[in-house]
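To be precise, the following lines are final_20.cif, and they hold mmCIF, C-alpha atoms.
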```
data_run
loop_
_atom_site.label_atom_id
_atom_site.label_comp_id
_atom_site.auth_asym_id
_atom_site.auth_seq_id
_atom_site.Cartn_x
_atom_site.Cartn_y
_atom_site.Cartn_z
CA MET R 1 86.88 107.00 86.53
CA ALA R 2 85.71 106.57 90.13
CA ARG R 3 87.05 103.74 92.26
CA TRP R 4 84.52 100.95 92.60
CA LYS R 5 82.77 100.42 95.91
CA PRO R 6 82.54 96.66 96.12
CA ASP R 7 79.39 94.83 97.09
CA ALA R 8 79.50 91.33 98.61
CA ARG R 9 79.65 89.63 95.24
CA GLN R 10 82.54 91.80 94.08
CA ARG R 11 84.43 91.36 97.34
CA LEU R 12 84.19 87.60 96.94
CA VAL R 13 85.49 87.76 93.36
CA VAL R 14 88.46 89.90 94.37
CA ALA R 15 89.25 87.68 97.37
CA ALA R 16 89.04 84.56 95.22
CA LEU R 17 91.32 85.91 92.49
CA ASP R 18 93.89 87.08 95.02
CA LEU R 19 93.91 83.64 96.66
CA PHE R 20 94.08 81.86 93.29
CA ALA R 21 97.09 83.99 92.36
CA GLY R 22 98.80 83.57 95.71
CA GLN R 23 98.32 79.91 96.53
CA GLY R 24 96.76 78.33 93.44
CA TYR R 25 93.21 77.58 92.31
CA ASP R 26 93.12 73.97 93.50
CA GLU R 27 94.40 74.85 96.95
CA THR R 28 91.83 77.58 97.56
CA THR R 29 88.66 76.71 99.48
CA VAL R 30 85.35 78.52 99.65
CA ALA R 31 85.91 79.02 103.38
CA GLN R 32 89.18 80.84 102.66
CA ILE R 33 87.54 83.05 100.03
CA ALA R 34 84.69 84.00 102.36
CA GLU R 35 87.08 84.72 105.24
CA ARG R 36 89.32 86.93 103.13
CA ALA R 37 86.28 88.86 101.90
CA GLY R 38 85.08 89.31 105.50
CA LEU R 39 81.91 87.34 104.74
CA THR R 40 80.45 83.97 105.68
CA ARG R 41 80.39 80.74 103.71
CA SER R 42 76.62 80.94 103.56
CA THR R 43 76.86 84.37 101.92
CA PHE R 44 79.23 82.86 99.38
CA PHE R 45 76.80 80.06 98.60
CA ARG R 46 73.92 82.50 98.31
CA LEU R 47 75.80 84.23 95.47
CA PHE R 48 77.80 81.43 93.83
CA ALA R 49 77.22 77.68 93.40
CA ASP R 50 80.94 76.94 93.91
CA LYS R 51 84.39 78.50 93.43
CA ARG R 52 84.31 77.53 89.75
CA GLU R 53 81.35 79.84 89.19
CA ILE R 54 83.41 82.84 90.31
CA LEU R 55 85.03 82.68 86.90
CA ALA R 56 82.12 81.32 84.86
CA ALA R 57 79.69 84.12 85.73
CA GLY R 58 81.79 86.79 84.04
CA GLN R 59 82.17 84.68 80.94
CA GLU R 60 78.43 84.15 80.56
CA THR R 61 77.81 87.87 80.78
CA LEU R 62 80.53 88.67 78.25
CA THR R 63 79.24 86.07 75.79
CA ARG R 64 75.69 87.37 76.09
CA LEU R 65 76.76 90.97 75.49
CA LEU R 66 78.91 90.16 72.46
CA VAL R 67 76.07 88.18 70.89
CA GLU R 68 73.48 90.88 71.67
CA GLY R 69 75.67 93.49 69.97
CA ILE R 70 76.08 91.35 66.85
CA GLU R 71 72.34 90.67 66.72
CA ALA R 72 71.50 94.36 67.06
CA ALA R 73 73.78 95.47 64.21
CA ALA R 74 72.06 96.93 61.14
CA ASP R 75 70.79 94.34 58.65
CA ASP R 76 73.26 95.47 56.01
CA ALA R 77 76.25 95.58 58.38
CA THR R 78 79.35 93.75 57.11
CA PRO R 79 80.71 90.91 59.27
CA MET R 80 83.37 93.20 60.72
CA THR R 81 80.87 95.95 61.46
CA ALA R 82 78.70 93.41 63.26
CA VAL R 83 81.69 92.20 65.29
CA ALA R 84 82.55 95.81 66.11
CA ALA R 85 78.98 96.28 67.34
CA GLY R 86 79.43 93.26 69.60
CA LEU R 87 82.67 94.66 71.00
CA GLU R 88 81.05 98.04 71.56
CA ARG R 89 78.10 96.53 73.40
CA ALA R 90 80.29 94.36 75.65
CA SER R 91 82.90 97.06 76.23
CA GLY R 92 80.22 99.57 77.18
CA GLU R 93 79.00 97.37 80.02
CA MET R 94 82.41 96.91 81.62
CA THR R 95 82.79 99.02 84.73
CA ALA R 96 85.54 100.32 86.99
CA PHE R 97 85.15 97.04 88.87
CA ASN R 98 86.05 95.06 85.75
CA ARG R 99 89.06 97.29 85.27
CA GLU R 100 90.27 96.72 88.83
CA LEU R 101 89.86 93.00 88.22
CA GLY R 102 92.02 92.83 85.09
CA PRO R 103 95.50 92.54 86.66
CA ARG R 104 94.16 90.19 89.37
CA LEU R 105 92.59 87.92 86.77
CA HIS R 106 95.83 87.96 84.80
CA ALA R 107 97.88 87.05 87.90
CA ALA R 108 95.49 84.25 88.88
CA ILE R 109 95.60 82.73 85.40
CA ALA R 110 99.38 83.03 85.17
CA ALA R 111 99.69 81.11 88.45
CA SER R 112 97.49 78.15 87.57
CA GLU R 113 97.53 75.67 84.72
CA GLU R 114 93.96 74.81 85.65
CA LEU R 115 92.91 78.42 85.09
CA GLN R 116 94.93 78.64 81.88
CA SER R 117 92.91 75.74 80.54
CA ARG R 118 89.65 77.31 81.63
CA ASP R 119 90.64 80.61 80.06
CA ALA R 120 91.49 78.88 76.80
CA LEU R 121 88.14 77.13 76.78
CA LYS R 122 86.49 80.47 77.50
CA SER R 123 88.10 82.04 74.43
CA ILE R 124 86.89 79.18 72.27
CA GLY R 125 83.40 79.46 73.74
CA LEU R 126 83.29 83.19 73.03
CA ALA R 127 84.40 82.65 69.45
CA ALA R 128 81.86 79.86 68.93
CA ALA R 129 79.01 82.03 70.21
CA MET R 130 80.07 84.85 67.86
CA VAL R 131 80.31 82.44 64.91
CA ASP R 132 76.75 81.28 65.60
CA ALA R 133 75.47 84.84 65.88
CA LEU R 134 77.17 85.83 62.61
CA MET R 135 75.87 82.77 60.77
CA ARG R 136 72.34 83.59 61.93
CA ARG R 137 72.89 86.88 60.04
CA GLY R 138 73.67 84.89 56.88
CA VAL R 139 77.48 85.15 57.05
CA ALA R 140 79.22 82.12 55.49
CA ALA R 141 80.97 79.78 57.94
CA PRO R 142 84.64 80.50 57.11
CA THR R 143 84.05 84.27 57.11
CA ALA R 144 82.15 84.01 60.39
CA ARG R 145 85.02 82.02 61.88
CA VAL R 146 87.67 84.54 60.86
CA ALA R 147 85.57 87.51 61.97
CA ALA R 148 84.84 85.89 65.34
CA GLU R 149 88.50 85.01 65.96
CA LEU R 150 89.49 88.60 65.22
CA GLY R 151 86.73 89.79 67.54
CA VAL R 152 87.91 87.65 70.45
CA ALA R 153 91.53 88.65 69.88
CA ALA R 154 90.52 92.32 69.74
CA PHE R 155 88.60 92.08 73.01
CA LYS R 156 91.56 90.43 74.73
CA VAL R 157 94.12 92.92 73.44
CA GLY R 158 91.86 95.89 74.17
CA PHE R 159 91.01 94.66 77.67
CA ALA R 160 94.68 94.05 78.45
CA ARG R 161 95.54 97.61 77.37
CA TRP R 162 92.64 99.11 79.30
CA THR R 163 93.57 97.30 82.52
CA ASP R 164 97.35 97.57 82.23
CA PRO R 165 98.45 98.91 85.64
CA ALA R 166 101.54 100.44 84.01
CA ARG R 167 99.30 102.86 82.09
CA ASP R 168 98.14 106.19 83.39
CA ASP R 169 95.17 106.65 85.68
CA ASP R 170 92.68 107.60 83.02
CA PRO R 171 92.49 104.71 80.58
CA GLY R 172 89.49 106.17 78.73
CA GLU R 173 86.71 103.95 77.52
CA LEU R 174 87.30 100.24 77.00
CA ALA R 175 85.43 100.44 73.69
CA ALA R 176 88.11 102.73 72.26
CA HIS R 177 90.76 100.10 73.02
CA THR R 178 88.85 97.08 71.72
CA LEU R 179 87.78 98.86 68.53
CA ALA R 180 91.33 100.11 67.89
CA ALA R 181 92.62 96.56 68.34
CA LEU R 182 89.98 95.31 65.90
CA ASP R 183 91.09 97.90 63.36
CA ASP R 184 94.71 96.75 63.76
CA LEU R 185 93.75 93.12 63.23
CA ARG R 186 91.52 93.96 60.28
CA ALA R 187 94.39 95.84 58.66
CA ALA R 188 96.68 92.91 59.44
CA ALA R 189 94.25 90.50 57.79
CA ALA R 190 94.60 92.53 54.60
CA GLN R 191 98.39 92.06 54.65
CA LEU R 192 98.64 88.32 54.79
CA ASP R 193 99.85 87.89 51.24
CA MET C 1 96.37 53.89 52.72
CA ALA C 2 97.45 50.78 54.62
CA ARG C 3 96.01 50.07 58.05
CA TRP C 4 98.49 50.89 60.79
CA LYS C 5 100.16 48.07 62.68
CA PRO C 6 100.34 49.44 66.18
CA ASP C 7 103.44 49.25 68.34
CA ALA C 8 103.22 49.33 72.14
CA ARG C 9 103.13 53.11 72.29
CA GLN C 10 100.33 53.33 69.77
CA ARG C 11 98.33 50.56 71.46
CA LEU C 12 98.52 52.50 74.72
CA VAL C 13 97.32 55.70 73.05
CA VAL C 14 94.35 53.93 71.44
CA ALA C 15 93.44 52.13 74.67
CA ALA C 16 93.65 55.39 76.63
CA LEU C 17 91.47 57.35 74.20
CA ASP C 18 88.85 54.61 74.14
CA LEU C 19 88.72 54.56 77.94
CA PHE C 20 88.62 58.36 78.15
CA ALA C 21 85.66 58.36 75.73
CA GLY C 22 83.86 55.51 77.46
CA GLN C 23 84.26 56.29 81.15
CA GLY C 24 85.87 59.73 81.35
CA TYR C 25 89.42 61.02 81.66
CA ASP C 26 89.43 61.44 85.43
CA GLU C 27 88.07 57.95 86.04
CA THR C 28 90.68 56.22 83.87
CA THR C 29 93.77 54.77 85.55
CA VAL C 30 97.12 53.82 84.06
CA ALA C 31 96.46 50.22 85.15
CA GLN C 32 93.25 50.17 83.10
CA ILE C 33 94.98 51.62 80.05
CA ALA C 34 97.78 49.05 80.22
CA GLU C 35 95.33 46.19 80.71
CA ARG C 36 93.19 47.22 77.77
CA ALA C 37 96.31 47.48 75.58
CA GLY C 38 97.43 44.00 76.70
CA LEU C 39 100.59 45.47 78.27
CA THR C 40 101.95 45.99 81.75
CA ARG C 41 102.01 49.12 83.88
CA SER C 42 105.80 49.08 83.73
CA THR C 43 105.66 49.15 79.92
CA PHE C 44 103.33 52.16 80.18
CA PHE C 45 105.73 54.00 82.48
CA ARG C 46 108.68 53.19 80.21
CA LEU C 47 106.88 55.08 77.41
CA PHE C 48 104.88 57.79 79.22
CA ALA C 49 105.38 59.72 82.46
CA ASP C 50 101.63 59.62 83.23
CA LYS C 51 98.25 59.49 81.50
CA ARG C 52 98.40 63.21 80.87
CA GLU C 53 101.41 62.72 78.62
CA ILE C 54 99.38 60.49 76.31
CA LEU C 55 97.85 63.69 75.00
CA ALA C 56 100.79 66.05 75.45
CA ALA C 57 103.24 64.05 73.33
CA GLY C 58 101.22 64.52 70.12
CA GLN C 59 100.90 68.23 70.75
CA GLU C 60 104.63 68.73 71.18
CA THR C 61 105.31 66.98 67.89
CA LEU C 62 102.66 68.99 66.05
CA THR C 63 103.96 72.28 67.44
CA ARG C 64 107.54 71.42 66.48
CA LEU C 65 106.56 70.48 62.90
CA LEU C 66 104.47 73.61 62.32
CA VAL C 67 107.31 75.81 63.56
CA GLU C 68 109.91 73.93 61.49
CA GLY C 69 107.83 74.42 58.36
CA ILE C 70 107.46 78.16 58.99
CA GLU C 71 111.19 78.48 59.66
CA ALA C 72 112.09 76.63 56.47
CA ALA C 73 109.92 78.80 54.20
CA ALA C 74 111.74 80.97 51.66
CA ASP C 75 113.05 84.27 52.99
CA ASP C 76 110.67 86.24 50.80
CA ALA C 77 107.60 84.09 51.62
CA THR C 78 104.52 86.07 52.66
CA PRO C 79 103.04 85.32 56.11
CA MET C 80 100.37 83.09 54.55
CA THR C 81 102.91 81.23 52.44
CA ALA C 82 104.99 80.60 55.55
CA VAL C 83 101.93 79.32 57.42
CA ALA C 84 101.10 77.09 54.45
CA ALA C 85 104.65 75.70 54.63
CA GLY C 86 104.09 74.92 58.32
CA LEU C 87 100.83 73.12 57.54
CA GLU C 88 102.48 71.18 54.74
CA ARG C 89 105.36 70.08 56.97
CA ALA C 90 103.07 68.98 59.80
CA SER C 91 100.50 67.36 57.52
CA GLY C 92 103.19 65.39 55.70
CA GLU C 93 104.30 63.72 58.93
CA MET C 94 100.84 62.52 59.92
CA THR C 95 100.41 58.82 59.30
CA ALA C 96 97.62 56.28 58.96
CA PHE C 97 97.92 55.92 62.74
CA ASN C 98 97.07 59.59 63.23
CA ARG C 99 94.09 59.16 60.92
CA GLU C 100 92.79 56.17 62.90
CA LEU C 101 93.17 58.26 66.02
CA GLY C 102 91.07 61.21 64.81
CA PRO C 103 87.56 59.99 65.64
CA ARG C 104 88.79 58.47 68.93
CA LEU C 105 90.38 61.73 69.95
CA HIS C 106 87.20 63.57 69.01
CA ALA C 107 85.05 61.17 71.07
CA ALA C 108 87.37 61.40 74.09
CA ILE C 109 87.33 65.20 74.02
CA ALA C 110 83.55 65.34 73.55
CA ALA C 111 83.13 63.15 76.66
CA SER C 112 85.28 65.18 79.04
CA GLU C 113 85.28 68.80 80.10
CA GLU C 114 88.81 68.26 81.38
CA LEU C 115 89.94 67.25 77.89
CA GLN C 116 88.02 70.10 76.29
CA SER C 117 90.01 72.49 78.43
CA ARG C 118 93.28 70.78 77.55
CA ASP C 119 92.39 70.85 73.86
CA ALA C 120 91.58 74.55 74.05
CA LEU C 121 94.91 75.25 75.72
CA LYS C 122 96.61 73.17 73.02
CA SER C 123 95.09 75.34 70.27
CA ILE C 124 96.31 78.49 72.01
CA GLY C 125 99.77 76.96 72.46
CA LEU C 126 99.97 76.07 68.77
CA ALA C 127 98.93 79.58 67.76
CA ALA C 128 101.44 81.16 70.15
CA ALA C 129 104.29 79.03 68.77
CA MET C 130 103.35 80.02 65.22
CA VAL C 131 103.14 83.71 66.18
CA ASP C 132 106.66 83.50 67.62
CA ALA C 133 107.99 81.73 64.51
CA LEU C 134 106.40 84.34 62.22
CA MET C 135 107.71 87.26 64.29
CA ARG C 136 111.21 85.80 64.10
CA ARG C 137 110.78 86.16 60.31
CA GLY C 138 110.05 89.86 60.80
CA VAL C 139 106.25 89.68 60.53
CA ALA C 140 104.50 92.39 62.57
CA ALA C 141 102.65 91.18 65.68
CA PRO C 142 99.01 91.70 64.57
CA THR C 143 99.66 90.11 61.17
CA ALA C 144 101.45 87.19 62.81
CA ARG C 145 98.52 86.74 65.17
CA VAL C 146 95.94 86.66 62.38
CA ALA C 147 98.06 84.36 60.19
CA ALA C 148 98.67 81.95 63.08
CA GLU C 149 94.97 81.84 64.05
CA LEU C 150 94.06 81.03 60.46
CA GLY C 151 96.77 78.35 60.39
CA VAL C 152 95.49 76.64 63.54
CA ALA C 153 91.88 76.81 62.30
CA ALA C 154 92.97 75.38 58.92
CA PHE C 155 94.79 72.47 60.56
CA LYS C 156 91.76 71.66 62.70
CA VAL C 157 89.27 71.83 59.83
CA GLY C 158 91.55 69.88 57.49
CA PHE C 159 92.30 67.21 60.09
CA ALA C 160 88.59 66.81 60.88
CA ARG C 161 87.81 66.33 57.18
CA TRP C 162 90.70 63.89 56.68
CA THR C 163 89.69 61.75 59.65
CA ASP C 164 85.91 61.95 59.17
CA PRO C 165 84.75 58.31 59.32
CA ALA C 166 81.71 59.21 57.18
CA ARG C 167 84.04 59.91 54.24
CA ASP C 168 85.23 57.31 51.79
CA ASP C 169 88.15 55.00 52.43
CA ASP C 170 90.73 56.98 50.51
CA PRO C 171 90.90 60.39 52.12
CA GLY C 172 93.97 61.41 50.10
CA GLU C 173 96.75 63.40 51.69
CA LEU C 174 96.12 65.42 54.84
CA ALA C 175 98.08 68.32 53.32
CA ALA C 176 95.47 68.70 50.57
CA HIS C 177 92.76 69.17 53.22
CA THR C 178 94.67 71.57 55.46
CA LEU C 179 95.85 73.72 52.55
CA ALA C 180 92.34 73.83 51.04
CA ALA C 181 90.99 74.91 54.43
CA LEU C 182 93.67 77.62 54.63
CA ASP C 183 92.67 78.88 51.17
CA ASP C 184 89.03 79.06 52.28
CA LEU C 185 89.95 81.02 55.39
CA ARG C 186 92.27 83.31 53.46
CA ALA C 187 89.46 84.06 50.98
CA ALA C 188 87.11 84.62 53.93
CA ALA C 189 89.56 87.07 55.50
CA ALA C 190 89.34 89.14 52.32
CA GLN C 191 85.54 89.38 52.65
CA LEU C 192 85.23 90.79 56.11
CA ASP C 193 84.09 94.23 54.97
#
```
Write-out of the structure in structure tokens:
Amino acid sequence: MARWKPDARQRLVVAALDLFAGQGYDETTVAQIAERAGLTRSTFFRLFADKREILAAGQETLTRLLVEGIEAAADDATPMTAVAAGLERASGEMTAFNRELGPRLHAAIAASEELQSRDALKSIGLAAAMVDALMRRGVAAPTARVAAELGVAAFKVGFARWTDPARDDDPGELAAHTLAALDDLRAAAAQLD
Amino acid sequence: MARWKPDARQRLVVAALDLFAGQGYDETTVAQIAERAGLTRSTFFRLFADKREILAAGQETLTRLLVEGIEAAADDATPMTAVAAGLERASGEMTAFNRELGPRLHAAIAASEELQSRDALKSIGLAAAMVDALMRRGVAAPTARVAAELGVAAFKVGFARWTDPARDDDPGELAAHTLAALDDLRAAAAQLD
């Protein structure tokens, strides 16, 4: 996998995450983010409404991709097959840039209770969007809820494995990790009793 | 179920939630909470460190009870039976006061993005504590994760049903609602494929 060559938007995201991790989310200003990225404040504001949007933009994309994958699954797909299709669609769009971002995102979240709260809300938002998409396919509410929770957990586990800096240089495709995690959770769900 | 007769602590919680719902969490001061409860600021600070703790105290209790229930389950209990024991323990400690609080808590959270984030983090904290308790019983990580997620979802659904003001005056025991919700989710988990 080639190293990413960051554009202005990506440089701002990296600079922001590094500052969030180093000095905290609340303490970080847009001016500091722009300076660290070697860009101007006006460039920042051309690309992002505020520092909050640095994190929100990625979430919106991820939610959209997961839902698109579920919607595009075959009509007779089981709930888990539909969730797997969502994971595959979202995983397939993640790039080397997303992989570089993983440990930075993790460090920023670990350093800030504010970001922990946002991240928790993000997980719940992802699950809710997947529940809606599954119910539009005719899946009953409790089944949709369980399938969506497993889907979110699988994406998180798979993404963490894919971006783990302790792993070797070729992590393979993200989809392989998220789908393997989904298989593990599906097997686990069959062993609850 | 008898109406609760609030003590100072409970009056402060009710006053705080009503203010959070009416004017927002950020905009509410300790002085306003104390005034609405007919108490002094010094009484507030004898009972709570700050307004944030109004919400945190309930979470700590709930987490402790869920974990205690899981720990007290029979050695040969399946993961779902252990989770059910946690729900039963926690549900059994909820009082008429907690039931009165339900719709207020819901309204306060609906009115504030700050509280939505806190609530999301609370759900993740509950699940993490249950995962740890299950793994200490020897349950494998993915199974513990699925069982804990179902347990948290069951508590939420059951609590929402128990506290729903549109329901009749005798809601029965909370445990009946949380355990029924867990059964629904368990059945749903068996229908994922």
Q. If you apply the PyMOL selection byres ((chain R) within 6 of (chain C)) to this file, what residues do you get, as a list in words?
A. Thr78, Pro79, Met80, Ser117, Arg118, Ala120, Leu121, Pro142, Thr143, Leu185, Ala188, Leu192 and Asp193 of chain R
Hand me chain C as it sits after a least-squares fit onto chain R over every Cα, paired in order, written as a short mmCIF file (atom, residue, chain, number, x, y, z; two decimals) with C-alpha atoms, in the frame of the given file.
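What ended up in selection-v3.cif:
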```
data_model
loop_
_atom_site.label_atom_id
_atom_site.label_comp_id
_atom_site.auth_asym_id
_atom_site.auth_seq_id
_atom_site.Cartn_x
_atom_site.Cartn_y
_atom_site.Cartn_z
CA MET C 1 86.92 106.97 86.59
CA ALA C 2 85.74 106.55 90.18
CA ARG C 3 87.08 103.71 92.29
CA TRP C 4 84.54 100.92 92.62
CA LYS C 5 82.77 100.40 95.92
CA PRO C 6 82.52 96.65 96.13
CA ASP C 7 79.36 94.82 97.11
CA ALA C 8 79.48 91.33 98.63
CA ARG C 9 79.64 89.62 95.26
CA GLN C 10 82.51 91.77 94.08
CA ARG C 11 84.41 91.35 97.36
CA LEU C 12 84.17 87.59 96.95
CA VAL C 13 85.47 87.75 93.37
CA VAL C 14 88.45 89.90 94.39
CA ALA C 15 89.24 87.70 97.40
CA ALA C 16 89.04 84.56 95.24
CA LEU C 17 91.31 85.92 92.51
CA ASP C 18 93.89 87.07 95.04
CA LEU C 19 93.91 83.63 96.67
CA PHE C 20 94.07 81.86 93.31
CA ALA C 21 97.10 84.01 92.38
CA GLY C 22 98.80 83.59 95.74
CA GLN C 23 98.32 79.92 96.56
CA GLY C 24 96.76 78.33 93.47
CA TYR C 25 93.23 77.58 92.33
CA ASP C 26 93.12 73.97 93.52
CA GLU C 27 94.41 74.85 96.98
CA THR C 28 91.83 77.59 97.58
CA THR C 29 88.67 76.72 99.51
CA VAL C 30 85.34 78.52 99.67
CA ALA C 31 85.91 79.02 103.41
CA GLN C 32 89.17 80.85 102.69
CA ILE C 33 87.55 83.05 100.06
CA ALA C 34 84.70 84.01 102.39
CA GLU C 35 87.09 84.71 105.26
CA ARG C 36 89.32 86.92 103.16
CA ALA C 37 86.27 88.86 101.93
CA GLY C 38 85.06 89.31 105.52
CA LEU C 39 81.88 87.32 104.76
CA THR C 40 80.44 83.96 105.70
CA ARG C 41 80.38 80.73 103.73
CA SER C 42 76.59 80.94 103.61
CA THR C 43 76.84 84.37 101.96
CA PHE C 44 79.21 82.85 99.40
CA PHE C 45 76.78 80.03 98.62
CA ARG C 46 73.88 82.48 98.33
CA LEU C 47 75.79 84.21 95.50
CA PHE C 48 77.78 81.40 93.84
CA ALA C 49 77.23 77.66 93.42
CA ASP C 50 80.96 76.94 93.93
CA LYS C 51 84.38 78.51 93.42
CA ARG C 52 84.31 77.53 89.77
CA GLU C 53 81.35 79.83 89.20
CA ILE C 54 83.40 82.83 90.32
CA LEU C 55 85.02 82.66 86.91
CA ALA C 56 82.11 81.32 84.87
CA ALA C 57 79.69 84.12 85.74
CA GLY C 58 81.80 86.81 84.03
CA GLN C 59 82.17 84.68 80.93
CA GLU C 60 78.44 84.15 80.56
CA THR C 61 77.81 87.88 80.76
CA LEU C 62 80.54 88.67 78.24
CA THR C 63 79.26 86.06 75.79
CA ARG C 64 75.70 87.35 76.08
CA LEU C 65 76.76 90.98 75.47
CA LEU C 66 78.91 90.17 72.44
CA VAL C 67 76.08 88.17 70.88
CA GLU C 68 73.50 90.88 71.66
CA GLY C 69 75.67 93.49 69.97
CA ILE C 70 76.09 91.35 66.84
CA GLU C 71 72.35 90.67 66.73
CA ALA C 72 71.50 94.36 67.06
CA ALA C 73 73.77 95.48 64.20
CA ALA C 74 72.06 96.92 61.12
CA ASP C 75 70.77 94.35 58.64
CA ASP C 76 73.24 95.48 56.00
CA ALA C 77 76.25 95.58 58.38
CA THR C 78 79.33 93.76 57.09
CA PRO C 79 80.71 90.91 59.25
CA MET C 80 83.38 93.21 60.70
CA THR C 81 80.87 95.95 61.45
CA ALA C 82 78.69 93.42 63.26
CA VAL C 83 81.68 92.20 65.28
CA ALA C 84 82.55 95.81 66.09
CA ALA C 85 78.97 96.29 67.34
CA GLY C 86 79.42 93.25 69.60
CA LEU C 87 82.67 94.65 70.99
CA GLU C 88 81.06 98.04 71.55
CA ARG C 89 78.11 96.52 73.40
CA ALA C 90 80.30 94.36 75.64
CA SER C 91 82.90 97.07 76.23
CA GLY C 92 80.23 99.59 77.19
CA GLU C 93 79.00 97.36 80.02
CA MET C 94 82.41 96.91 81.62
CA THR C 95 82.80 99.00 84.74
CA ALA C 96 85.55 100.32 86.98
CA PHE C 97 85.14 97.04 88.87
CA ASN C 98 86.04 95.05 85.76
CA ARG C 99 89.08 97.28 85.27
CA GLU C 100 90.27 96.70 88.85
CA LEU C 101 89.85 93.00 88.23
CA GLY C 102 92.03 92.84 85.11
CA PRO C 103 95.49 92.53 86.65
CA ARG C 104 94.15 90.20 89.37
CA LEU C 105 92.59 87.94 86.79
CA HIS C 106 95.82 87.97 84.81
CA ALA C 107 97.88 87.06 87.91
CA ALA C 108 95.48 84.26 88.89
CA ILE C 109 95.59 82.74 85.41
CA ALA C 110 99.38 83.05 85.19
CA ALA C 111 99.68 81.13 88.48
CA SER C 112 97.51 78.15 87.57
CA GLU C 113 97.54 75.68 84.72
CA GLU C 114 93.97 74.80 85.65
CA LEU C 115 92.91 78.42 85.09
CA GLN C 116 94.92 78.65 81.88
CA SER C 117 92.92 75.74 80.55
CA ARG C 118 89.65 77.31 81.65
CA ASP C 119 90.63 80.62 80.07
CA ALA C 120 91.50 78.89 76.81
CA LEU C 121 88.14 77.14 76.78
CA LYS C 122 86.48 80.49 77.50
CA SER C 123 88.11 82.06 74.42
CA ILE C 124 86.90 79.19 72.25
CA GLY C 125 83.40 79.48 73.74
CA LEU C 126 83.28 83.20 73.01
CA ALA C 127 84.41 82.64 69.42
CA ALA C 128 81.86 79.85 68.91
CA ALA C 129 79.02 82.04 70.20
CA MET C 130 80.07 84.84 67.85
CA VAL C 131 80.31 82.43 64.90
CA ASP C 132 76.75 81.27 65.60
CA ALA C 133 75.48 84.85 65.88
CA LEU C 134 77.17 85.82 62.59
CA MET C 135 75.86 82.75 60.77
CA ARG C 136 72.34 83.59 61.92
CA ARG C 137 72.88 86.87 60.03
CA GLY C 138 73.66 84.88 56.89
CA VAL C 139 77.46 85.13 57.04
CA ALA C 140 79.20 82.12 55.47
CA ALA C 141 80.95 79.77 57.92
CA PRO C 142 84.62 80.50 57.08
CA THR C 143 84.04 84.26 57.09
CA ALA C 144 82.15 84.02 60.38
CA ARG C 145 85.01 82.01 61.85
CA VAL C 146 87.66 84.53 60.83
CA ALA C 147 85.56 87.52 61.95
CA ALA C 148 84.83 85.91 65.33
CA GLU C 149 88.51 85.01 65.93
CA LEU C 150 89.50 88.59 65.20
CA GLY C 151 86.74 89.82 67.53
CA VAL C 152 87.91 87.64 70.43
CA ALA C 153 91.55 88.64 69.86
CA ALA C 154 90.53 92.33 69.72
CA PHE C 155 88.62 92.08 73.00
CA LYS C 156 91.57 90.42 74.71
CA VAL C 157 94.14 92.91 73.43
CA GLY C 158 91.89 95.89 74.17
CA PHE C 159 91.03 94.65 77.66
CA ALA C 160 94.71 94.04 78.45
CA ARG C 161 95.58 97.59 77.36
CA TRP C 162 92.66 99.11 79.30
CA THR C 163 93.55 97.28 82.50
CA ASP C 164 97.35 97.57 82.22
CA PRO C 165 98.44 98.93 85.63
CA ALA C 166 101.55 100.45 84.00
CA ARG C 167 99.31 102.87 82.08
CA ASP C 168 98.14 106.20 83.39
CA ASP C 169 95.17 106.63 85.68
CA ASP C 170 92.67 107.60 83.01
CA PRO C 171 92.52 104.71 80.58
CA GLY C 172 89.52 106.18 78.73
CA GLU C 173 86.74 103.95 77.51
CA LEU C 174 87.32 100.24 77.00
CA ALA C 175 85.45 100.44 73.68
CA ALA C 176 88.14 102.74 72.26
CA HIS C 177 90.78 100.09 73.00
CA THR C 178 88.86 97.09 71.70
CA LEU C 179 87.79 98.86 68.51
CA ALA C 180 91.34 100.12 67.87
CA ALA C 181 92.62 96.57 68.34
CA LEU C 182 89.98 95.30 65.88
CA ASP C 183 91.09 97.91 63.33
CA ASP C 184 94.71 96.76 63.72
CA LEU C 185 93.74 93.13 63.21
CA ARG C 186 91.51 93.97 60.26
CA ALA C 187 94.40 95.87 58.63
CA ALA C 188 96.68 92.91 59.41
CA ALA C 189 94.23 90.51 57.77
CA ALA C 190 94.57 92.53 54.57
CA GLN C 191 98.36 92.07 54.59
CA LEU C 192 98.60 88.33 54.75
CA ASP C 193 99.83 87.92 51.18
#
```
Q.
What's around range 172-180 of chain R at 10 Å? Count all atoms listed in the file, leave out sequence neighbours fewer than 2 positions away in its own chain, and write the answer as number ranges by chain.
A. R: 1, 83-85, 87-95, 99, 151-163, 168-170, 182-186
Q: Using the chain letters and numbers from the file, give me the residues hit by the PyMOL selection byres ((chain C and resi 101) around 12), as a PyMOL selection string.
A: chain C and resi 3-4+6+10-18+55+58+94-100+102-108+159-160+162-165
Q. At what distance in Å, to one decimal, does CA of Arg52 in chain R lie from CA of Ala8 in chain R?
A. 17.1 Å
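The gap separating CA of Thr63 in chain R from CA of Leu126 in chain R is 5.7 Å, in Å to one decimal.
Note on the selection: in this file the PyMOL selection byres ((chain C and resi 32) around 12) comes out as Leu12, Ala15, Ala16, Leu17, Asp18, Leu19, Phe20, Gln23, Tyr25, Glu27, Thr28, Thr29, Val30, Ala31, Ile33, Ala34, Glu35, Arg36, Ala37, Gly38, Leu39, Thr40, Arg41, Phe44 and Lys51 of chain C.
Straight-line separation from CA of Gly69 in chain R to CA of Ala133 in chain R: 9.6 Å.
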